[in-house]
Amino acid sequence: MKPIKISFLTALLIFTTSVNADQQWDKVGYTEAKGATDHRSMSKPGRDTIYSCQFTAMGGSLSRPWVDSDGTVYLLKKPSVKGSKTWSSNIKFDESNPNIAVTGNGLPDHPTGDFPVSSSSTAYKYDRNPNSIKEQRIVYAIPAEPKIASNPTCLPMGAIGIALSGGVFFNALDADKRDAVANEILDSCEGHPQQQGQYHYHHNSPCFDQGKEGEHSPQLGYALDGFGIYGARGESGKIITNKELDECHGHTSTAIDRLGNEINEYHYHINNEFPYTLGCFKGEVDQSMLERRPAPQGDMRGGGETRVGSSGRGRPNLSVVAKNLGISKRELMRALGPPPPNFSSAARKLGISESKLKEAMRSAGGR
Ligand SMILES: [Zn+2]
Ligand SMILES: [Zn+2]
């Protein structure tokens, strides 16, 4: 009698769990994503990729049973970090011109999985995230009237936007410049913490308000250039494709913003095609604000070690800078010349932008 009872309960549990997951993704409108598992270029703005401040090309993919050889990610087959921890979220948008002052504690308004990932879980087999979710001190000033920049700018690691849920958006890359959605294990709200405990998303979350079926998705957050980030459905009410979006993953159309106002301006969309959120910043970004971001690092390589590349003395590790730029250390040193380095001439010699070179230096421990 007993064994039958257990197997019935187990079956019921599995059934219930999978129905819930299905239903959650039903609201989002898709259960598959078009991932990026190759070594595509990230050195300039372009559709289906990220214009990265740190990396010139993607890092391929690990072998994942939920990812097809063509890069299709089967979201329902992916294990998630279980749990139902609740948090006291606190996020405020103060619309005082010319900036929206964003303050918050970085904690989401929805339950999260239990982090660090437990060694007895399925998730642990693939991703031993050793970090705990921790409160952050979020203070951003984002433009209330964002302006399209003359040229798009690159995306750094760490927060590139803020979600209305209280968490933040990272770009679609993990620490090894791979597609984070295809490779990393997230909780059932599609978030997880990085080393400083910052809870973040790399794409859509079934825990976001997805709005009404058949209508343009509601606003889910703001990019740090001030433009809104919206869900997966465009004006037709259908899931928007990358072909309908520009190189930064946005477009100009009408939408209803978070305050209920109809806008007709540029905004980003989150959809199910890499890079999922932003591909670059379309608008002018305050570089000094980017530098002041709390916990500006992206995801760390597993095991909780210190960030690869940092010498810890405010001096960049040139081998890492060179590697991130996809060039040899000798080439980099030749371009930089004797100290103090002349970044604009070095960038010209390397055929990259000065901001990209500086960002690469910063991300490798430089100030
Ligand atoms: Zn739109
Ligand atoms: Zn992450």
# chains A, B, ... in the order shown; residues from 1 in each chain; ligands from 1

$ residues_near_ligand --ligand "ligand 2" --cutoff "7 Å" --atoms "only C-alpha atoms and all ligand atoms" --output "number ranges by chain"
A: 170, 174, 180, 192-194, 200-202, 298-299

$ residues_around --residues "Ala232 of chain A" --least-positions-apart "2" --cutoff "7 Å" --atoms "only C-alpha atoms" --output "CSV table (one decimal) with N, CA and C atoms, in the first residue's frame"
chain,number,residue,atom,x,y,z
A,217,SER,N,2.9,44.9,-24.7
A,217,SER,CA,3.2,44.6,-23.3
A,217,SER,C,3.4,45.9,-22.5
A,230,TYR,N,10.1,47.2,-22.1
A,230,TYR,CA,8.8,46.6,-22.2
A,230,TYR,C,8.9,45.1,-22.4
A,234,GLY,N,4.7,43.4,-29.2
A,234,GLY,CA,4.7,44.7,-29.9
A,234,GLY,C,3.3,45.2,-30.1
A,239,ILE,N,4.3,38.4,-30.2
A,239,ILE,CA,5.6,38.4,-29.7
A,239,ILE,C,6.5,39.1,-30.7
A,240,ILE,N,7.2,40.1,-30.3
A,240,ILE,CA,8.0,40.9,-31.3
A,240,ILE,C,9.3,40.1,-31.6
A,269,HIS,N,12.5,46.3,-26.0
A,269,HIS,CA,11.6,45.2,-25.7
A,269,HIS,C,12.4,44.0,-25.2
A,270,ILE,N,11.9,43.2,-24.3
A,270,ILE,CA,12.4,41.9,-23.9
A,270,ILE,C,11.7,40.9,-24.7
A,271,ASN,N,12.4,40.1,-25.5
A,271,ASN,CA,11.7,39.0,-26.2
A,271,ASN,C,12.5,37.7,-26.0

$ closest_residue --among "A:Gly83, A:Pro156, A:Gly106, A:Gly71" --to "Val285 of chain A" --atoms "only C-alpha atoms"
A:Pro156

$ closest_atom_pairs --of "chain A" --to "ligand 1" --cutoff "10 Å" --atoms "only C-alpha atoms and all ligand atoms" --output "tab-separated table"
residue	atom	partner	partner_atom_place_in_ligand_line	distance
A:His216	CA	ligand 1	1 (Zn)	6.5
A:Ser217	CA	ligand 1	1 (Zn)	7.5
A:Pro218	CA	ligand 1	1 (Zn)	9.1
A:Gln219	CA	ligand 1	1 (Zn)	9.5
A:Gly228	CA	ligand 1	1 (Zn)	9.5
A:Ile229	CA	ligand 1	1 (Zn)	8.9
A:Tyr230	CA	ligand 1	1 (Zn)	6.9
A:Gly231	CA	ligand 1	1 (Zn)	8.3
A:Ala232	CA	ligand 1	1 (Zn)	8.5
A:Arg233	CA	ligand 1	1 (Zn)	7.2
A:Gly234	CA	ligand 1	1 (Zn)	4.7
A:Glu235	CA	ligand 1	1 (Zn)	6.0
A:Ser236	CA	ligand 1	1 (Zn)	9.3
A:Gly237	CA	ligand 1	1 (Zn)	9.6
A:Ile240	CA	ligand 1	1 (Zn)	8.2
A:Glu244	CA	ligand 1	1 (Zn)	9.6
A:Leu245	CA	ligand 1	1 (Zn)	8.9
A:Gly250	CA	ligand 1	1 (Zn)	7.4
A:His251	CA	ligand 1	1 (Zn)	6.2
A:Thr252	CA	ligand 1	1 (Zn)	6.6
A:Ser253	CA	ligand 1	1 (Zn)	5.4
A:Thr254	CA	ligand 1	1 (Zn)	6.5
A:Ala255	CA	ligand 1	1 (Zn)	6.0
A:Ile256	CA	ligand 1	1 (Zn)	9.3
A:Ile263	CA	ligand 1	1 (Zn)	9.9
A:Asn264	CA	ligand 1	1 (Zn)	9.1
A:Glu265	CA	ligand 1	1 (Zn)	8.8
A:Tyr266	CA	ligand 1	1 (Zn)	7.9
A:His267	CA	ligand 1	1 (Zn)	6.3
A:Tyr268	CA	ligand 1	1 (Zn)	7.0
A:His269	CA	ligand 1	1 (Zn)	6.4
A:Ile270	CA	ligand 1	1 (Zn)	9.7

$ write_last_selection --atoms "N, CA and C atoms" --output "mmCIF file, in the first residue's frame"
data_model
loop_
_atom_site.group_PDB
_atom_site.id
_atom_site.type_symbol
_atom_site.label_atom_id
_atom_site.label_comp_id
_atom_site.auth_asym_id
_atom_site.auth_seq_id
_atom_site.Cartn_x
_atom_site.Cartn_y
_atom_site.Cartn_z
ATOM 1 N N HIS A 216 0.024 45.507 -26.690
ATOM 2 C CA HIS A 216 1.439 45.814 -26.462
ATOM 3 C C HIS A 216 1.750 45.554 -24.991
ATOM 4 N N SER A 217 2.881 44.926 -24.732
ATOM 5 C CA SER A 217 3.244 44.607 -23.343
ATOM 6 C C SER A 217 3.402 45.860 -22.496
ATOM 7 N N PRO A 218 3.182 45.722 -21.204
ATOM 8 C CA PRO A 218 3.418 46.858 -20.315
ATOM 9 C C PRO A 218 4.908 47.072 -20.045
ATOM 10 N N GLN A 219 5.192 48.197 -19.408
ATOM 11 C CA GLN A 219 6.575 48.510 -19.057
ATOM 12 C C GLN A 219 7.045 47.614 -17.920
ATOM 13 N N GLY A 228 12.364 53.221 -21.643
ATOM 14 C CA GLY A 228 11.628 52.151 -20.987
ATOM 15 C C GLY A 228 11.969 50.779 -21.549
ATOM 16 N N ILE A 229 11.840 49.771 -20.718
ATOM 17 C CA ILE A 229 11.985 48.381 -21.149
ATOM 18 C C ILE A 229 10.603 47.747 -21.030
ATOM 19 N N TYR A 230 10.128 47.168 -22.126
ATOM 20 C CA TYR A 230 8.791 46.578 -22.171
ATOM 21 C C TYR A 230 8.877 45.076 -22.387
ATOM 22 N N GLY A 231 7.740 44.400 -22.202
ATOM 23 C CA GLY A 231 7.682 42.950 -22.363
ATOM 24 C C GLY A 231 7.778 42.506 -23.813
ATOM 25 N N ALA A 232 7.309 41.295 -24.091
ATOM 26 C CA ALA A 232 7.620 40.643 -25.367
ATOM 27 C C ALA A 232 6.676 41.002 -26.517
ATOM 28 N N ARG A 233 5.535 41.623 -26.221
ATOM 29 C CA ARG A 233 4.576 41.858 -27.301
ATOM 30 C C ARG A 233 4.645 43.281 -27.850
ATOM 31 N N GLY A 234 4.662 43.366 -29.188
ATOM 32 C CA GLY A 234 4.679 44.663 -29.858
ATOM 33 C C GLY A 234 3.280 45.204 -30.069
ATOM 34 N N GLU A 235 3.172 46.201 -30.940
ATOM 35 C CA GLU A 235 1.881 46.876 -31.150
ATOM 36 C C GLU A 235 0.766 45.944 -31.606
ATOM 37 N N SER A 236 1.142 44.917 -32.388
ATOM 38 C CA SER A 236 0.135 43.988 -32.903
ATOM 39 C C SER A 236 -0.357 43.046 -31.795
ATOM 40 N N GLY A 237 0.327 43.052 -30.664
ATOM 41 C CA GLY A 237 -0.025 42.120 -29.595
ATOM 42 C C GLY A 237 0.689 40.790 -29.751
ATOM 43 N N ILE A 240 7.234 40.116 -30.320
ATOM 44 C CA ILE A 240 8.047 40.899 -31.250
ATOM 45 C C ILE A 240 9.339 40.133 -31.573
ATOM 46 N N GLU A 244 12.105 42.982 -36.082
ATOM 47 C CA GLU A 244 11.272 44.186 -35.945
ATOM 48 C C GLU A 244 11.940 45.224 -35.033
ATOM 49 N N LEU A 245 13.069 44.843 -34.454
ATOM 50 C CA LEU A 245 13.761 45.742 -33.529
ATOM 51 C C LEU A 245 15.094 46.182 -34.134
ATOM 52 N N GLY A 250 15.427 47.779 -29.657
ATOM 53 C CA GLY A 250 14.313 48.681 -29.383
ATOM 54 C C GLY A 250 13.643 49.136 -30.662
ATOM 55 N N HIS A 251 12.591 49.907 -30.513
ATOM 56 C CA HIS A 251 11.914 50.533 -31.647
ATOM 57 C C HIS A 251 11.122 51.725 -31.137
ATOM 58 N N THR A 252 10.583 52.503 -32.101
ATOM 59 C CA THR A 252 9.734 53.612 -31.715
ATOM 60 C C THR A 252 8.302 53.260 -32.082
ATOM 61 N N SER A 253 7.439 53.240 -31.114
ATOM 62 C CA SER A 253 6.023 52.970 -31.369
ATOM 63 C C SER A 253 5.236 53.483 -30.169
ATOM 64 N N THR A 254 3.926 53.358 -30.265
ATOM 65 C CA THR A 254 3.140 53.767 -29.116
ATOM 66 C C THR A 254 3.126 52.642 -28.089
ATOM 67 N N ALA A 255 3.007 53.010 -26.848
ATOM 68 C CA ALA A 255 2.956 52.056 -25.739
ATOM 69 C C ALA A 255 2.389 52.808 -24.540
ATOM 70 N N ILE A 256 2.010 52.049 -23.538
ATOM 71 C CA ILE A 256 1.515 52.685 -22.308
ATOM 72 C C ILE A 256 2.611 52.531 -21.259
ATOM 73 N N ILE A 263 2.683 56.753 -24.647
ATOM 74 C CA ILE A 263 3.901 57.361 -25.170
ATOM 75 C C ILE A 263 4.020 57.004 -26.639
ATOM 76 N N ASN A 264 4.782 57.790 -27.369
ATOM 77 C CA ASN A 264 5.124 57.422 -28.743
ATOM 78 C C ASN A 264 6.594 57.746 -28.890
ATOM 79 N N GLU A 265 7.409 56.928 -28.273
ATOM 80 C CA GLU A 265 8.838 57.199 -28.292
ATOM 81 C C GLU A 265 9.613 55.886 -28.278
ATOM 82 N N TYR A 266 10.908 56.044 -28.383
ATOM 83 C CA TYR A 266 11.789 54.874 -28.414
ATOM 84 C C TYR A 266 11.673 54.088 -27.108
ATOM 85 N N HIS A 267 11.676 52.767 -27.208
ATOM 86 C CA HIS A 267 11.743 51.910 -26.018
ATOM 87 C C HIS A 267 12.307 50.552 -26.398
ATOM 88 N N TYR A 268 12.796 49.858 -25.418
ATOM 89 C CA TYR A 268 13.356 48.522 -25.629
ATOM 90 C C TYR A 268 12.279 47.474 -25.399
ATOM 91 N N HIS A 269 12.491 46.305 -25.996
ATOM 92 C CA HIS A 269 11.625 45.165 -25.716
ATOM 93 C C HIS A 269 12.442 44.005 -25.211
ATOM 94 N N ILE A 270 11.863 43.229 -24.312
ATOM 95 C CA ILE A 270 12.443 41.943 -23.929
ATOM 96 C C ILE A 270 11.702 40.903 -24.744
#

$ atom_distance --atom1 "atom CA of Ala36 of chain A" --atom2 "atom CA of Cys248 of chain A"
16.0 Å

$ atom_distance --atom1 "atom CA of Asp225 of chain A" --atom2 "atom CA of Arg47 of chain A"
19.0 Å

$ select_by_dssp --residues "segment 43-125 of chain A" --states "strand (DSSP E or B)" --output "mmCIF file with N, CA and C atoms, in the first residue's frame"
data_model
loop_
_atom_site.group_PDB
_atom_site.id
_atom_site.type_symbol
_atom_site.label_atom_id
_atom_site.label_comp_id
_atom_site.auth_asym_id
_atom_site.auth_seq_id
_atom_site.Cartn_x
_atom_site.Cartn_y
_atom_site.Cartn_z
ATOM 1 N N SER A 52 29.383 44.785 -26.736
ATOM 2 C CA SER A 52 29.930 44.637 -25.388
ATOM 3 C C SER A 52 31.089 45.585 -25.155
ATOM 4 N N ALA A 57 34.015 38.844 -28.804
ATOM 5 C CA ALA A 57 33.240 37.731 -29.373
ATOM 6 C C ALA A 57 32.671 36.875 -28.247
ATOM 7 N N VAL A 67 19.341 22.723 -24.432
ATOM 8 C CA VAL A 67 19.697 23.577 -25.563
ATOM 9 C C VAL A 67 19.994 22.702 -26.782
ATOM 10 N N THR A 72 18.432 26.643 -29.874
ATOM 11 C CA THR A 72 17.101 26.764 -29.275
ATOM 12 C C THR A 72 17.164 26.355 -27.799
ATOM 13 N N VAL A 73 16.632 27.223 -26.944
ATOM 14 C CA VAL A 73 16.616 26.942 -25.509
ATOM 15 C C VAL A 73 15.200 26.548 -25.117
ATOM 16 N N TYR A 74 15.019 25.346 -24.594
ATOM 17 C CA TYR A 74 13.702 24.883 -24.152
ATOM 18 C C TYR A 74 13.552 25.251 -22.676
ATOM 19 N N VAL A 81 16.324 26.918 -9.729
ATOM 20 C CA VAL A 81 16.672 26.904 -8.308
ATOM 21 C C VAL A 81 15.380 27.042 -7.520
ATOM 22 N N LYS A 85 11.438 32.066 -1.083
ATOM 23 C CA LYS A 85 11.827 33.089 -0.119
ATOM 24 C C LYS A 85 11.153 34.400 -0.484
ATOM 25 N N ILE A 91 11.322 50.009 -3.857
ATOM 26 C CA ILE A 91 11.842 50.694 -5.042
ATOM 27 C C ILE A 91 11.010 51.944 -5.265
ATOM 28 N N LYS A 92 11.681 53.043 -5.574
ATOM 29 C CA LYS A 92 10.979 54.315 -5.733
ATOM 30 C C LYS A 92 11.478 55.039 -6.972
ATOM 31 N N PHE A 93 10.543 55.598 -7.715
ATOM 32 C CA PHE A 93 10.911 56.398 -8.885
ATOM 33 C C PHE A 93 10.415 57.812 -8.644
ATOM 34 N N ASP A 94 11.319 58.712 -8.432
ATOM 35 C CA ASP A 94 10.949 60.100 -8.186
ATOM 36 C C ASP A 94 11.141 60.887 -9.480
ATOM 37 N N ASN A 99 15.847 64.453 -14.096
ATOM 38 C CA ASN A 99 16.136 63.041 -13.886
ATOM 39 C C ASN A 99 15.047 62.332 -13.093
ATOM 40 N N ILE A 100 14.962 61.030 -13.318
ATOM 41 C CA ILE A 100 14.146 60.206 -12.436
ATOM 42 C C ILE A 100 15.106 59.651 -11.404
ATOM 43 N N ALA A 101 14.888 59.998 -10.161
ATOM 44 C CA ALA A 101 15.744 59.468 -9.105
ATOM 45 C C ALA A 101 15.215 58.092 -8.718
ATOM 46 N N VAL A 102 16.033 57.082 -8.933
ATOM 47 C CA VAL A 102 15.634 55.717 -8.604
ATOM 48 C C VAL A 102 16.355 55.310 -7.331
ATOM 49 N N THR A 103 15.594 54.971 -6.321
ATOM 50 C CA THR A 103 16.216 54.474 -5.092
ATOM 51 C C THR A 103 15.553 53.170 -4.712
ATOM 52 N N GLY A 104 16.324 52.295 -4.139
ATOM 53 C CA GLY A 104 15.750 51.011 -3.760
ATOM 54 C C GLY A 104 16.746 50.149 -3.021
ATOM 55 N N THR A 112 11.762 34.283 -4.410
ATOM 56 C CA THR A 112 12.958 33.839 -5.140
ATOM 57 C C THR A 112 13.313 32.415 -4.731
#

$ closest_residue --among "A:Ile133, A:Leu357, A:Val139, A:Ile160" --to "Cys280 of chain A" --atoms "only C-alpha atoms"
A:Ile160

$ residues_around --residues "Lys44 of chain A" --least-positions-apart "6" --cutoff "9 Å" --atoms "only C-alpha atoms" --output "mmCIF file with N, CA and C atoms, in the first residue's frame"
data_model
loop_
_atom_site.group_PDB
_atom_site.id
_atom_site.type_symbol
_atom_site.label_atom_id
_atom_site.label_comp_id
_atom_site.auth_asym_id
_atom_site.auth_seq_id
_atom_site.Cartn_x
_atom_site.Cartn_y
_atom_site.Cartn_z
ATOM 1 N N ILE A 50 25.252 41.521 -28.861
ATOM 2 C CA ILE A 50 25.453 42.575 -27.877
ATOM 3 C C ILE A 50 26.659 43.376 -28.313
ATOM 4 N N TYR A 51 26.568 44.689 -28.204
ATOM 5 C CA TYR A 51 27.756 45.512 -28.370
ATOM 6 C C TYR A 51 28.351 45.592 -26.972
ATOM 7 N N SER A 52 29.383 44.785 -26.736
ATOM 8 C CA SER A 52 29.930 44.637 -25.388
ATOM 9 C C SER A 52 31.089 45.585 -25.155
ATOM 10 N N THR A 56 35.015 40.961 -27.381
ATOM 11 C CA THR A 56 34.880 41.128 -28.828
ATOM 12 C C THR A 56 34.065 40.010 -29.461
ATOM 13 N N CYS A 154 28.282 50.919 -25.869
ATOM 14 C CA CYS A 154 28.428 49.502 -25.491
ATOM 15 C C CYS A 154 27.798 49.214 -24.136
#

$ residues_around --residues "Lys134 of chain A" --least-positions-apart "2" --cutoff "12 Å" --atoms "only C-alpha atoms" --output "list of chain:residue names"
A:Trp87, A:Ser88, A:Ser89, A:Asn105, A:Gly106, A:Leu107, A:Pro108, A:Thr112, A:Phe115, A:Pro116, A:Asn131, A:Ser132, A:Gln136, A:Arg137, A:Gly167, A:His192, A:Pro193, A:Gln194, A:Gln195, A:Gln196, A:Gly197, A:Gln198, A:Tyr199, A:His200, A:Ala295

$ write_last_selection --atoms "C-alpha atoms" --output "compact mmCIF listing (two decimals), in the first residue's frame"
# COMPACT_ATOMS: atom_id res chain seq x y z
CA TRP A 87 11.64 39.80 0.55
CA SER A 88 10.72 43.23 1.65
CA SER A 89 11.24 45.03 -1.62
CA ASN A 105 17.16 48.06 -1.87
CA GLY A 106 17.54 45.82 -4.91
CA LEU A 107 15.25 43.14 -3.49
CA PRO A 108 12.46 41.81 -5.71
CA THR A 112 12.96 33.84 -5.14
CA PHE A 115 20.56 30.72 -2.81
CA PRO A 116 23.36 29.60 -2.52
CA ASN A 131 26.06 33.61 -3.68
CA SER A 132 23.23 34.75 -1.43
CA GLN A 136 21.77 46.65 -2.19
CA ARG A 137 21.81 50.41 -2.06
CA GLY A 167 15.66 43.79 -9.04
CA HIS A 192 19.71 34.95 -9.41
CA PRO A 193 22.33 36.81 -7.35
CA GLN A 194 25.90 37.66 -8.39
CA GLN A 195 28.82 37.79 -5.99
CA GLN A 196 27.73 40.93 -4.12
CA GLY A 197 24.27 39.44 -3.78
CA GLN A 198 22.62 41.61 -6.41
CA TYR A 199 19.46 39.90 -7.64
CA HIS A 200 19.15 40.30 -11.40
CA ALA A 295 28.14 45.99 -7.48

$ select_by_dssp --residues "segment 49-273 of chain A" --states "alpha helix (DSSP H)" --output "ChimeraX atom specification"
/A:122-126,180-183

$ closest_residue --among "A:Ser118, A:Asn97, A:Gln24, A:Ser363" --to "Pro146 of chain A" --atoms "only C-alpha atoms"
A:Asn97

$ residues_around --residues "segment 272-279 of chain A" --least-positions-apart "3" --cutoff "6 Å" --atoms "only C-alpha atoms" --output "ChimeraX atom specification"
/A:33-35,48-51,172,203,248-249

$ residues_around --residues "Gln54 of chain A" --least-positions-apart "3" --cutoff "8 Å" --atoms "only C-alpha atoms" --output "compact mmCIF listing (two decimals) with C-alpha atoms, in the first residue's frame"
# COMPACT_ATOMS: atom_id res chain seq x y z
CA PRO A 156 28.98 47.00 -19.52
CA MET A 157 28.67 44.01 -17.20
CA ASN A 324 38.93 40.49 -23.38
CA LEU A 325 39.74 42.61 -26.41
CA LYS A 356 35.67 50.46 -25.18
CA GLU A 359 35.91 50.00 -20.08
CA ALA A 360 38.12 46.97 -20.77
CA SER A 363 36.72 45.70 -15.93
